[in-house]
Amino acid sequence: MLSDLFRAVGQIGDPAFRRVLFLGLGLTLLLLVGAAIGAGWLVAALIPESISLPWVGEIGFLDNIASGVSVLGVLALSVVLMVPVASAFTGLFLDDVADAVEARHYPGAGPVRRQPFLSAVADTFRFLGLMIVANLCALVLYLIFAPLAPVIFWGLNGFLLGREYFQLVAIRRMDEAAARKLRRRNSGQIWLAGALMAIPLTVPVLNLFVPILGAAMFTHVVHRLSRNPR
């Protein structure tokens with residue numbers, strides 16, 4: 001697995017990898033900026049320009065103040081949402097990453113099965129929702145076992161990342177039933193490989209590369225396990 005990881009890292013400068021990263025970041029920035037502008041406009045439309053309070057009198061410019069606060073709130077929230085949203089957008093283009101890995105390391109692998117775009121969109125945002133919900137539920141464990149919180153985080157997200165990325169890459173080469181069977185046979189390896197991807201999630205900036213590295217690494221994992229399924 002370390003060999004799979006090192007080969008994925010060694011290809012990080014590939015033009016296809018950079019294109020997917022920039023697409024994911026660009027779409028994320030557009031979405032978050034649009035959300036901030038939309039929140040400001042909506043709040044300004046819903047709140048009156050001024051209100052009159054007993055013993056205080058009329059307070060003006062209330063809509064502008066509320067609009068500004070809402071924009072700042074969305075921008076602050078975007079700091080937290082930047083990584084998961086960027087990961088979701090990047091996930092839409094991970095086929096390009098797997099294609100680049102196979103072109104360099106497995107040129108004789110033959111054609112792949114393409115997932116319909118709408119299905120890929122649904123799977124990507126389903127996985128994003130699952131990661132958010134799972135980590136929110138795990139907050140209790142993080143608080144109870146605070147010294148072990150990083151280990152719990154890596155174990156939980158390693159399981160989720162391993163399962164998702166293995167399936168995503170495997171169904172390019174086999175049907176879903178065969179992919180699930182291969183994953184069950186090698187569940188320990190896949191979980192550990194996912195944990196290697198979960199560790200960078202806690203490192204700012206580096207966490208933006210996790211979807212790309214995950215797709216690249218699991219392309220190697222799938223090819224290796226397919227040759228030796230047991």
# chains A, B, ... in the order shown; residues from 1 in each chain; ligands from 1
call {"tool": "closest_atom_pairs", "arguments": {"of": "stretch 108-225 of chain A", "to": "stretch 15-30 of chain A", "cutoff": "12 Å", "atoms": "only C-alpha atoms", "output": "tab-separated table"}}
result
residue	atom	partner	partner_atom	distance
A:Val205	CA	A:Leu25	CA	11.3
A:Leu206	CA	A:Leu21	CA	11.6
A:Asn207	CA	A:Leu21	CA	11.5
A:Leu208	CA	A:Leu21	CA	7.9
A:Phe209	CA	A:Leu21	CA	7.2
A:Val210	CA	A:Leu21	CA	10.0
A:Pro211	CA	A:Leu21	CA	8.9
A:Ile212	CA	A:Phe17	CA	6.7
A:Leu213	CA	A:Phe17	CA	8.9
A:Gly214	CA	A:Phe17	CA	11.5
A:Ala215	CA	A:Phe17	CA	10.2
A:Ala216	CA	A:Phe17	CA	9.1
call {"tool": "write_last_selection", "arguments": {"atoms": "all heavy atoms", "output": "CSV table (one decimal), in the first residue's frame"}}
result
chain,number,residue,atom,x,y,z
A,205,VAL,N,-4.6,22.9,3.5
A,205,VAL,CA,-4.1,22.9,2.1
A,205,VAL,C,-3.9,21.5,1.6
A,205,VAL,O,-4.4,21.2,0.5
A,205,VAL,CB,-2.8,23.8,2.0
A,205,VAL,CG1,-2.3,23.8,0.5
A,205,VAL,CG2,-3.1,25.2,2.5
A,206,LEU,N,-3.1,20.7,2.3
A,206,LEU,CA,-2.9,19.3,1.9
A,206,LEU,C,-4.2,18.6,1.7
A,206,LEU,O,-4.3,17.7,0.9
A,206,LEU,CB,-2.0,18.6,2.8
A,206,LEU,CG,-1.4,17.2,2.4
A,206,LEU,CD1,-0.7,17.3,1.1
A,206,LEU,CD2,-0.6,16.6,3.5
A,207,ASN,N,-5.2,18.9,2.6
A,207,ASN,CA,-6.5,18.2,2.5
A,207,ASN,C,-7.2,18.4,1.2
A,207,ASN,O,-8.1,17.6,0.9
A,207,ASN,CB,-7.4,18.5,3.7
A,207,ASN,CG,-7.5,20.0,3.9
A,207,ASN,OD1,-7.2,20.8,3.0
A,207,ASN,ND2,-7.9,20.4,5.1
A,208,LEU,N,-6.9,19.5,0.5
A,208,LEU,CA,-7.5,19.7,-0.8
A,208,LEU,C,-7.1,18.7,-1.8
A,208,LEU,O,-7.8,18.5,-2.8
A,208,LEU,CB,-7.2,21.1,-1.3
A,208,LEU,CG,-7.8,22.2,-0.4
A,208,LEU,CD1,-7.2,23.6,-0.9
A,208,LEU,CD2,-9.3,22.3,-0.4
A,209,PHE,N,-6.0,18.0,-1.6
A,209,PHE,CA,-5.4,17.1,-2.6
A,209,PHE,C,-5.9,15.6,-2.3
A,209,PHE,O,-5.7,14.7,-3.1
A,209,PHE,CB,-3.9,17.1,-2.5
A,209,PHE,CG,-3.3,18.3,-3.1
A,209,PHE,CD1,-3.1,19.4,-2.3
A,209,PHE,CD2,-2.8,18.4,-4.4
A,209,PHE,CE1,-2.5,20.6,-2.8
A,209,PHE,CE2,-2.3,19.5,-4.9
A,209,PHE,CZ,-2.1,20.6,-4.1
A,210,VAL,N,-6.6,15.4,-1.2
A,210,VAL,CA,-7.0,14.1,-0.8
A,210,VAL,C,-7.9,13.4,-1.8
A,210,VAL,O,-7.6,12.2,-2.2
A,210,VAL,CB,-7.8,14.1,0.6
A,210,VAL,CG1,-8.5,12.8,0.9
A,210,VAL,CG2,-6.8,14.4,1.7
A,211,PRO,N,-8.9,14.0,-2.4
A,211,PRO,CA,-9.7,13.3,-3.5
A,211,PRO,C,-8.8,12.8,-4.6
A,211,PRO,O,-9.0,11.7,-5.1
A,211,PRO,CB,-10.7,14.3,-3.9
A,211,PRO,CG,-10.8,15.3,-2.8
A,211,PRO,CD,-9.5,15.4,-2.2
A,212,ILE,N,-7.9,13.7,-5.1
A,212,ILE,CA,-7.1,13.3,-6.2
A,212,ILE,C,-6.1,12.2,-5.8
A,212,ILE,O,-6.0,11.2,-6.6
A,212,ILE,CB,-6.3,14.6,-6.7
A,212,ILE,CG1,-7.2,15.6,-7.2
A,212,ILE,CG2,-5.3,14.2,-7.8
A,212,ILE,CD1,-6.6,16.9,-7.5
A,213,LEU,N,-5.5,12.3,-4.7
A,213,LEU,CA,-4.5,11.3,-4.3
A,213,LEU,C,-5.3,10.0,-4.0
A,213,LEU,O,-4.8,8.9,-4.3
A,213,LEU,CB,-3.8,11.7,-3.0
A,213,LEU,CG,-2.7,12.8,-3.2
A,213,LEU,CD1,-2.1,13.2,-1.8
A,213,LEU,CD2,-1.6,12.2,-4.1
A,214,GLY,N,-6.5,10.1,-3.4
A,214,GLY,CA,-7.3,8.9,-3.2
A,214,GLY,C,-7.7,8.2,-4.4
A,214,GLY,O,-7.5,6.9,-4.5
A,215,ALA,N,-8.1,8.9,-5.5
A,215,ALA,CA,-8.5,8.2,-6.7
A,215,ALA,C,-7.2,7.6,-7.4
A,215,ALA,O,-7.3,6.5,-7.9
A,215,ALA,CB,-9.1,9.2,-7.7
A,216,ALA,N,-6.1,8.3,-7.3
A,216,ALA,CA,-4.8,7.8,-7.9
A,216,ALA,C,-4.4,6.6,-7.1
A,216,ALA,O,-4.0,5.5,-7.7
A,216,ALA,CB,-3.8,8.9,-7.9
call {"tool": "residues_around", "arguments": {"residues": "A:Leu139", "least_positions_apart": "6", "cutoff": "10 Å", "atoms": "only C-alpha atoms", "output": "VMD selection string"}}
result
chain A and resid 145 to 146 149 152 to 153
call {"tool": "select_by_dssp", "arguments": {"residues": "stretch 2-228 of chain A", "states": "alpha helix (DSSP H)", "output": "VMD selection string"}}
result
chain A and resid 2 to 10 15 to 46 62 to 91 94 to 105 117 to 137 139 to 144 149 to 170 176 to 185 187 to 198 210 to 227
call {"tool": "residues_around", "arguments": {"residues": "stretch 105-118 of chain A", "least_positions_apart": "5", "cutoff": "10 Å", "atoms": "only C-alpha atoms", "output": "PyMOL selection string"}}
result
chain A and resi 7+92-93+95+99-100+123-124+168-175+219-220+223
call {"tool": "write_last_selection", "arguments": {"atoms": "all heavy atoms", "output": "short mmCIF file (atom, residue, chain, number, x, y, z; two decimals), in the first residue's frame"}}
result
data_model
loop_
_atom_site.label_atom_id
_atom_site.label_comp_id
_atom_site.auth_asym_id
_atom_site.auth_seq_id
_atom_site.Cartn_x
_atom_site.Cartn_y
_atom_site.Cartn_z
N ARG A 7 3.48 6.01 -5.48
CA ARG A 7 3.30 6.18 -6.93
C ARG A 7 2.24 7.25 -7.21
O ARG A 7 2.36 8.01 -8.17
CB ARG A 7 2.93 4.85 -7.58
CG ARG A 7 4.11 3.90 -7.69
CD ARG A 7 3.85 2.79 -8.67
NE ARG A 7 2.89 1.82 -8.16
CZ ARG A 7 2.43 0.78 -8.85
NH1 ARG A 7 2.82 0.60 -10.11
NH2 ARG A 7 1.58 -0.06 -8.31
N LEU A 92 -16.33 14.85 -9.00
CA LEU A 92 -17.03 14.73 -10.28
C LEU A 92 -16.07 14.42 -11.42
O LEU A 92 -16.50 13.96 -12.48
CB LEU A 92 -17.80 16.02 -10.59
CG LEU A 92 -18.89 16.42 -9.59
CD1 LEU A 92 -19.49 17.77 -9.99
CD2 LEU A 92 -19.98 15.35 -9.54
N PHE A 93 -14.78 14.69 -11.22
CA PHE A 93 -13.81 14.57 -12.31
C PHE A 93 -12.73 13.53 -12.02
O PHE A 93 -11.68 13.52 -12.67
CB PHE A 93 -13.15 15.93 -12.57
CG PHE A 93 -14.12 17.06 -12.76
CD1 PHE A 93 -14.36 17.95 -11.74
CD2 PHE A 93 -14.82 17.21 -13.95
CE1 PHE A 93 -15.27 19.00 -11.90
CE2 PHE A 93 -15.73 18.23 -14.13
CZ PHE A 93 -15.96 19.13 -13.10
N ASP A 95 -12.60 10.44 -12.63
CA ASP A 95 -12.34 9.53 -13.74
C ASP A 95 -11.11 9.99 -14.52
O ASP A 95 -10.34 9.17 -15.02
CB ASP A 95 -13.54 9.45 -14.68
CG ASP A 95 -14.37 8.19 -14.43
OD1 ASP A 95 -13.86 7.28 -13.74
OD2 ASP A 95 -15.50 8.12 -14.90
N ASP A 99 -7.86 7.78 -15.26
CA ASP A 99 -7.41 7.62 -16.65
C ASP A 99 -5.93 7.95 -16.77
O ASP A 99 -5.17 7.25 -17.47
CB ASP A 99 -8.21 8.54 -17.57
CG ASP A 99 -9.63 8.04 -17.82
OD1 ASP A 99 -9.89 6.85 -17.58
OD2 ASP A 99 -10.47 8.85 -18.26
N ALA A 100 -5.49 9.04 -16.11
CA ALA A 100 -4.08 9.45 -16.19
C ALA A 100 -3.17 8.41 -15.54
O ALA A 100 -2.09 8.11 -16.06
CB ALA A 100 -3.90 10.81 -15.50
N ASP A 123 -23.79 10.11 -6.59
CA ASP A 123 -22.89 9.37 -5.72
C ASP A 123 -21.94 10.30 -4.98
O ASP A 123 -21.65 10.10 -3.79
CB ASP A 123 -22.08 8.36 -6.54
CG ASP A 123 -22.91 7.17 -6.96
OD1 ASP A 123 -24.04 7.02 -6.46
OD2 ASP A 123 -22.43 6.39 -7.83
N THR A 124 -21.44 11.33 -5.67
CA THR A 124 -20.50 12.26 -5.06
C THR A 124 -21.13 13.00 -3.89
O THR A 124 -20.56 13.07 -2.79
CB THR A 124 -20.00 13.28 -6.10
OG1 THR A 124 -19.22 12.59 -7.09
CG2 THR A 124 -19.13 14.34 -5.45
N LEU A 168 -15.47 3.31 -6.38
CA LEU A 168 -15.47 4.25 -7.50
C LEU A 168 -14.53 3.79 -8.61
O LEU A 168 -14.86 3.86 -9.80
CB LEU A 168 -15.07 5.64 -7.00
CG LEU A 168 -15.00 6.79 -7.99
CD1 LEU A 168 -15.43 8.08 -7.31
CD2 LEU A 168 -13.57 6.97 -8.53
N VAL A 169 -13.34 3.32 -8.22
CA VAL A 169 -12.35 2.90 -9.21
C VAL A 169 -12.67 1.50 -9.73
O VAL A 169 -12.54 1.22 -10.93
CB VAL A 169 -10.93 2.93 -8.61
CG1 VAL A 169 -9.91 2.37 -9.61
CG2 VAL A 169 -10.54 4.36 -8.23
N ALA A 170 -13.10 0.61 -8.83
CA ALA A 170 -13.31 -0.79 -9.22
C ALA A 170 -14.40 -0.95 -10.26
O ALA A 170 -14.28 -1.78 -11.18
CB ALA A 170 -13.63 -1.63 -7.98
N ILE A 171 -15.49 -0.15 -10.16
CA ILE A 171 -16.59 -0.33 -11.11
C ILE A 171 -16.22 0.16 -12.51
O ILE A 171 -17.00 -0.02 -13.45
CB ILE A 171 -17.88 0.37 -10.63
CG1 ILE A 171 -17.68 1.87 -10.45
CG2 ILE A 171 -18.39 -0.27 -9.35
CD1 ILE A 171 -18.95 2.62 -10.10
N ARG A 172 -15.06 0.76 -12.66
CA ARG A 172 -14.57 1.08 -13.99
C ARG A 172 -14.12 -0.19 -14.72
O ARG A 172 -14.06 -0.23 -15.95
CB ARG A 172 -13.38 2.05 -13.91
CG ARG A 172 -13.73 3.45 -13.47
CD ARG A 172 -12.51 4.23 -12.99
NE ARG A 172 -11.36 4.10 -13.86
CZ ARG A 172 -11.11 4.88 -14.92
NH1 ARG A 172 -11.95 5.86 -15.23
NH2 ARG A 172 -10.02 4.69 -15.65
N ARG A 173 -13.76 -1.22 -13.94
CA ARG A 173 -13.18 -2.44 -14.51
C ARG A 173 -14.02 -3.69 -14.31
O ARG A 173 -13.73 -4.74 -14.88
CB ARG A 173 -11.79 -2.68 -13.90
CG ARG A 173 -10.77 -1.62 -14.23
CD ARG A 173 -10.37 -1.73 -15.68
NE ARG A 173 -9.54 -0.61 -16.14
CZ ARG A 173 -9.20 -0.42 -17.40
NH1 ARG A 173 -9.66 -1.26 -18.33
NH2 ARG A 173 -8.45 0.59 -17.76
N MET A 174 -15.05 -3.61 -13.48
CA MET A 174 -15.88 -4.79 -13.19
C MET A 174 -17.26 -4.33 -12.77
O MET A 174 -17.46 -3.14 -12.50
CB MET A 174 -15.21 -5.63 -12.08
CG MET A 174 -15.04 -4.89 -10.78
SD MET A 174 -13.98 -5.76 -9.56
CE MET A 174 -12.36 -5.43 -10.26
N ASP A 175 -18.20 -5.27 -12.72
CA ASP A 175 -19.55 -4.87 -12.29
C ASP A 175 -19.57 -4.66 -10.78
O ASP A 175 -18.62 -5.02 -10.06
CB ASP A 175 -20.60 -5.90 -12.73
CG ASP A 175 -20.34 -7.29 -12.16
OD1 ASP A 175 -20.00 -7.39 -10.97
OD2 ASP A 175 -20.50 -8.27 -12.91
N THR A 219 -6.58 3.52 -7.66
CA THR A 219 -6.42 2.93 -8.99
C THR A 219 -5.32 1.86 -8.94
O THR A 219 -5.48 0.76 -9.48
CB THR A 219 -6.06 4.00 -10.03
OG1 THR A 219 -7.10 4.98 -10.06
CG2 THR A 219 -5.93 3.39 -11.42
N HIS A 220 -4.22 2.18 -8.26
CA HIS A 220 -3.15 1.18 -8.07
C HIS A 220 -3.64 0.02 -7.21
O HIS A 220 -3.34 -1.15 -7.50
CB HIS A 220 -1.93 1.84 -7.42
CG HIS A 220 -1.23 2.84 -8.28
ND1 HIS A 220 -0.61 2.50 -9.47
CD2 HIS A 220 -1.05 4.18 -8.12
CE1 HIS A 220 -0.07 3.59 -10.00
NE2 HIS A 220 -0.32 4.61 -9.21
N HIS A 223 -5.93 -2.37 -9.24
CA HIS A 223 -5.18 -3.19 -10.21
C HIS A 223 -4.35 -4.26 -9.48
O HIS A 223 -4.27 -5.40 -9.95
CB HIS A 223 -4.27 -2.30 -11.05
CG HIS A 223 -4.98 -1.63 -12.19
ND1 HIS A 223 -5.16 -2.24 -13.42
CD2 HIS A 223 -5.57 -0.41 -12.29
CE1 HIS A 223 -5.82 -1.42 -14.22
NE2 HIS A 223 -6.08 -0.31 -13.57
#
call {"tool": "select_by_dssp", "arguments": {"residues": "stretch 2-230 of chain A", "states": "strand (DSSP E or B)", "output": "number ranges by chain"}}
result
A: 51-53, 57-59
call {"tool": "residues_around", "arguments": {"residues": "A:Leu196", "least_positions_apart": "3", "cutoff": "9 Å", "atoms": "only C-alpha atoms", "output": "MDAnalysis selection string"}}
result
chainID A and resid 2 5 154 158 191:193 199:200
call {"tool": "write_last_selection", "arguments": {"atoms": "all heavy atoms", "output": "PDB file, in the first residue's frame"}}
result
ATOM      1  N   LEU A   2       1.977   1.222   0.709  1.00  0.00           N
ATOM      2  CA  LEU A   2       2.862   2.386   0.679  1.00  0.00           C
ATOM      3  C   LEU A   2       3.389   2.625  -0.726  1.00  0.00           C
ATOM      4  O   LEU A   2       3.541   3.767  -1.158  1.00  0.00           O
ATOM      5  CB  LEU A   2       4.019   2.187   1.666  1.00  0.00           C
ATOM      6  CG  LEU A   2       3.651   2.282   3.148  1.00  0.00           C
ATOM      7  CD1 LEU A   2       4.862   1.993   4.022  1.00  0.00           C
ATOM      8  CD2 LEU A   2       3.081   3.659   3.474  1.00  0.00           C
ATOM      9  N   LEU A   5       0.718   4.375  -2.565  1.00  0.00           N
ATOM     10  CA  LEU A   5       0.660   5.778  -2.148  1.00  0.00           C
ATOM     11  C   LEU A   5       1.794   6.580  -2.781  1.00  0.00           C
ATOM     12  O   LEU A   5       1.573   7.682  -3.300  1.00  0.00           O
ATOM     13  CB  LEU A   5       0.729   5.870  -0.627  1.00  0.00           C
ATOM     14  CG  LEU A   5       0.811   7.289  -0.047  1.00  0.00           C
ATOM     15  CD1 LEU A   5      -0.416   8.111  -0.439  1.00  0.00           C
ATOM     16  CD2 LEU A   5       0.958   7.237   1.472  1.00  0.00           C
ATOM     17  N   TRP A 154      -9.285   9.271  12.029  1.00  0.00           N
ATOM     18  CA  TRP A 154      -8.614   8.561  10.929  1.00  0.00           C
ATOM     19  C   TRP A 154      -9.268   7.216  10.667  1.00  0.00           C
ATOM     20  O   TRP A 154      -9.394   6.801   9.510  1.00  0.00           O
ATOM     21  CB  TRP A 154      -7.131   8.361  11.272  1.00  0.00           C
ATOM     22  CG  TRP A 154      -6.369   9.654  11.364  1.00  0.00           C
ATOM     23  CD1 TRP A 154      -6.656  10.821  10.715  1.00  0.00           C
ATOM     24  CD2 TRP A 154      -5.225   9.913  12.173  1.00  0.00           C
ATOM     25  NE1 TRP A 154      -5.753  11.793  11.065  1.00  0.00           N
ATOM     26  CE2 TRP A 154      -4.856  11.277  11.950  1.00  0.00           C
ATOM     27  CE3 TRP A 154      -4.453   9.146  13.047  1.00  0.00           C
ATOM     28  CZ2 TRP A 154      -3.763  11.866  12.578  1.00  0.00           C
ATOM     29  CZ3 TRP A 154      -3.359   9.737  13.682  1.00  0.00           C
ATOM     30  CH2 TRP A 154      -3.023  11.076  13.445  1.00  0.00           C
ATOM     31  N   GLY A 158     -11.127   6.819   7.356  1.00  0.00           N
ATOM     32  CA  GLY A 158     -10.394   5.830   6.561  1.00  0.00           C
ATOM     33  C   GLY A 158     -11.316   4.753   6.032  1.00  0.00           C
ATOM     34  O   GLY A 158     -11.221   4.337   4.875  1.00  0.00           O
ATOM     35  N   TRP A 191      -9.321  -0.598   4.186  1.00  0.00           N
ATOM     36  CA  TRP A 191      -9.502   0.307   5.319  1.00  0.00           C
ATOM     37  C   TRP A 191      -8.187   1.025   5.641  1.00  0.00           C
ATOM     38  O   TRP A 191      -8.160   2.248   5.848  1.00  0.00           O
ATOM     39  CB  TRP A 191      -9.987  -0.481   6.523  1.00  0.00           C
ATOM     40  CG  TRP A 191     -10.449   0.381   7.684  1.00  0.00           C
ATOM     41  CD1 TRP A 191     -10.210   1.722   7.856  1.00  0.00           C
ATOM     42  CD2 TRP A 191     -11.236  -0.030   8.794  1.00  0.00           C
ATOM     43  NE1 TRP A 191     -10.789   2.162   9.020  1.00  0.00           N
ATOM     44  CE2 TRP A 191     -11.428   1.112   9.613  1.00  0.00           C
ATOM     45  CE3 TRP A 191     -11.789  -1.248   9.179  1.00  0.00           C
ATOM     46  CZ2 TRP A 191     -12.154   1.049  10.801  1.00  0.00           C
ATOM     47  CZ3 TRP A 191     -12.513  -1.300  10.354  1.00  0.00           C
ATOM     48  CH2 TRP A 191     -12.694  -0.161  11.152  1.00  0.00           C
ATOM     49  N   LEU A 192      -7.086   0.275   5.672  1.00  0.00           N
ATOM     50  CA  LEU A 192      -5.789   0.877   5.968  1.00  0.00           C
ATOM     51  C   LEU A 192      -5.386   1.891   4.898  1.00  0.00           C
ATOM     52  O   LEU A 192      -4.871   2.975   5.206  1.00  0.00           O
ATOM     53  CB  LEU A 192      -4.723  -0.219   6.087  1.00  0.00           C
ATOM     54  CG  LEU A 192      -3.315   0.240   6.495  1.00  0.00           C
ATOM     55  CD1 LEU A 192      -3.370   1.033   7.803  1.00  0.00           C
ATOM     56  CD2 LEU A 192      -2.387  -0.957   6.634  1.00  0.00           C
ATOM     57  N   ALA A 193      -5.642   1.550   3.628  1.00  0.00           N
ATOM     58  CA  ALA A 193      -5.344   2.492   2.546  1.00  0.00           C
ATOM     59  C   ALA A 193      -6.190   3.759   2.702  1.00  0.00           C
ATOM     60  O   ALA A 193      -5.700   4.880   2.471  1.00  0.00           O
ATOM     61  CB  ALA A 193      -5.609   1.836   1.195  1.00  0.00           C
ATOM     62  N   ILE A 199      -5.434  10.764   6.967  1.00  0.00           N
ATOM     63  CA  ILE A 199      -4.460  11.542   7.742  1.00  0.00           C
ATOM     64  C   ILE A 199      -4.262  12.948   7.171  1.00  0.00           C
ATOM     65  O   ILE A 199      -4.300  13.938   7.913  1.00  0.00           O
ATOM     66  CB  ILE A 199      -3.122  10.774   7.851  1.00  0.00           C
ATOM     67  CG1 ILE A 199      -3.328   9.517   8.703  1.00  0.00           C
ATOM     68  CG2 ILE A 199      -2.038  11.663   8.452  1.00  0.00           C
ATOM     69  CD1 ILE A 199      -2.126   8.600   8.753  1.00  0.00           C
ATOM     70  N   PRO A 200      -4.080  13.107   5.839  1.00  0.00           N
ATOM     71  CA  PRO A 200      -3.931  14.468   5.305  1.00  0.00           C
ATOM     72  C   PRO A 200      -5.179  15.338   5.434  1.00  0.00           C
ATOM     73  O   PRO A 200      -5.083  16.553   5.254  1.00  0.00           O
ATOM     74  CB  PRO A 200      -3.596  14.226   3.821  1.00  0.00           C
ATOM     75  CG  PRO A 200      -3.138  12.822   3.732  1.00  0.00           C
ATOM     76  CD  PRO A 200      -3.868  12.098   4.810  1.00  0.00           C
TER      77      PRO A 200
END
call {"tool": "atom_distance", "arguments": {"atom1": "atom CA of A:Arg183", "atom2": "atom CA of A:Phe166"}}
result
7.4 Å
call {"tool": "atom_distance", "arguments": {"atom1": "atom CA of A:Val101", "atom2": "atom CA of A:Arg224"}}
result
13.2 Å
call {"tool": "residues_around", "arguments": {"residues": "A:Phe125", "least_positions_apart": "4", "cutoff": "7 Å", "atoms": "only C-alpha atoms", "output": "list of chain:residue names"}}
result
A:Ala88, A:Val121, A:Gly129
call {"tool": "closest_residue", "arguments": {"among": "A:Ser119, A:Thr90, A:Gln167, A:Thr202", "to": "A:Lys181", "atoms": "only C-alpha atoms"}}
result
A:Gln167
call {"tool": "closest_residue", "arguments": {"among": "A:Asn157, A:Ser3, A:Ser226, A:Ser187", "to": "A:Asn135", "atoms": "only C-alpha atoms"}}
result
A:Asn157
call {"tool": "decode", "arguments": {"residues": "stretch 155-194 of chain A", "atoms": "C-alpha atoms", "output": "mmCIF file, in the first residue's frame"}}
result
data_model
loop_
_atom_site.group_PDB
_atom_site.id
_atom_site.type_symbol
_atom_site.label_atom_id
_atom_site.label_comp_id
_atom_site.auth_asym_id
_atom_site.auth_seq_id
_atom_site.Cartn_x
_atom_site.Cartn_y
_atom_site.Cartn_z
ATOM 1 C CA GLY A 155 -10.297 5.213 11.551
ATOM 2 C CA LEU A 156 -13.819 6.435 10.736
ATOM 3 C CA ASN A 157 -12.875 8.480 7.685
ATOM 4 C CA GLY A 158 -10.394 5.830 6.561
ATOM 5 C CA PHE A 159 -13.224 3.326 6.451
ATOM 6 C CA LEU A 160 -15.479 5.725 4.516
ATOM 7 C CA LEU A 161 -12.765 6.874 2.091
ATOM 8 C CA GLY A 162 -11.496 3.347 1.465
ATOM 9 C CA ARG A 163 -14.957 2.007 0.756
ATOM 10 C CA GLU A 164 -15.916 4.910 -1.522
ATOM 11 C CA TYR A 165 -12.735 5.260 -3.564
ATOM 12 C CA PHE A 166 -12.263 1.536 -3.999
ATOM 13 C CA GLN A 167 -15.809 1.163 -5.301
ATOM 14 C CA LEU A 168 -15.468 4.249 -7.499
ATOM 15 C CA VAL A 169 -12.351 2.896 -9.214
ATOM 16 C CA ALA A 170 -13.308 -0.787 -9.216
ATOM 17 C CA ILE A 171 -16.587 -0.331 -11.112
ATOM 18 C CA ARG A 172 -14.566 1.077 -13.993
ATOM 19 C CA ARG A 173 -13.181 -2.440 -14.514
ATOM 20 C CA MET A 174 -15.875 -4.794 -13.190
ATOM 21 C CA ASP A 175 -19.549 -4.875 -12.295
ATOM 22 C CA GLU A 176 -20.713 -3.699 -8.872
ATOM 23 C CA ALA A 177 -21.211 -7.217 -7.488
ATOM 24 C CA ALA A 178 -17.651 -8.224 -8.381
ATOM 25 C CA ALA A 179 -16.316 -4.948 -6.931
ATOM 26 C CA ARG A 180 -18.138 -5.547 -3.630
ATOM 27 C CA LYS A 181 -16.855 -9.125 -3.463
ATOM 28 C CA LEU A 182 -13.263 -8.011 -4.045
ATOM 29 C CA ARG A 183 -13.659 -5.257 -1.438
ATOM 30 C CA ARG A 184 -14.980 -7.689 1.198
ATOM 31 C CA ARG A 185 -12.087 -10.081 0.577
ATOM 32 C CA ASN A 186 -9.578 -7.285 1.140
ATOM 33 C CA SER A 187 -11.470 -5.100 3.616
ATOM 34 C CA GLY A 188 -8.513 -4.721 5.992
ATOM 35 C CA GLN A 189 -6.132 -3.508 3.301
ATOM 36 C CA ILE A 190 -8.735 -1.147 1.885
ATOM 37 C CA TRP A 191 -9.502 0.307 5.319
ATOM 38 C CA LEU A 192 -5.789 0.877 5.968
ATOM 39 C CA ALA A 193 -5.344 2.492 2.546
ATOM 40 C CA GLY A 194 -8.293 4.756 3.347
#
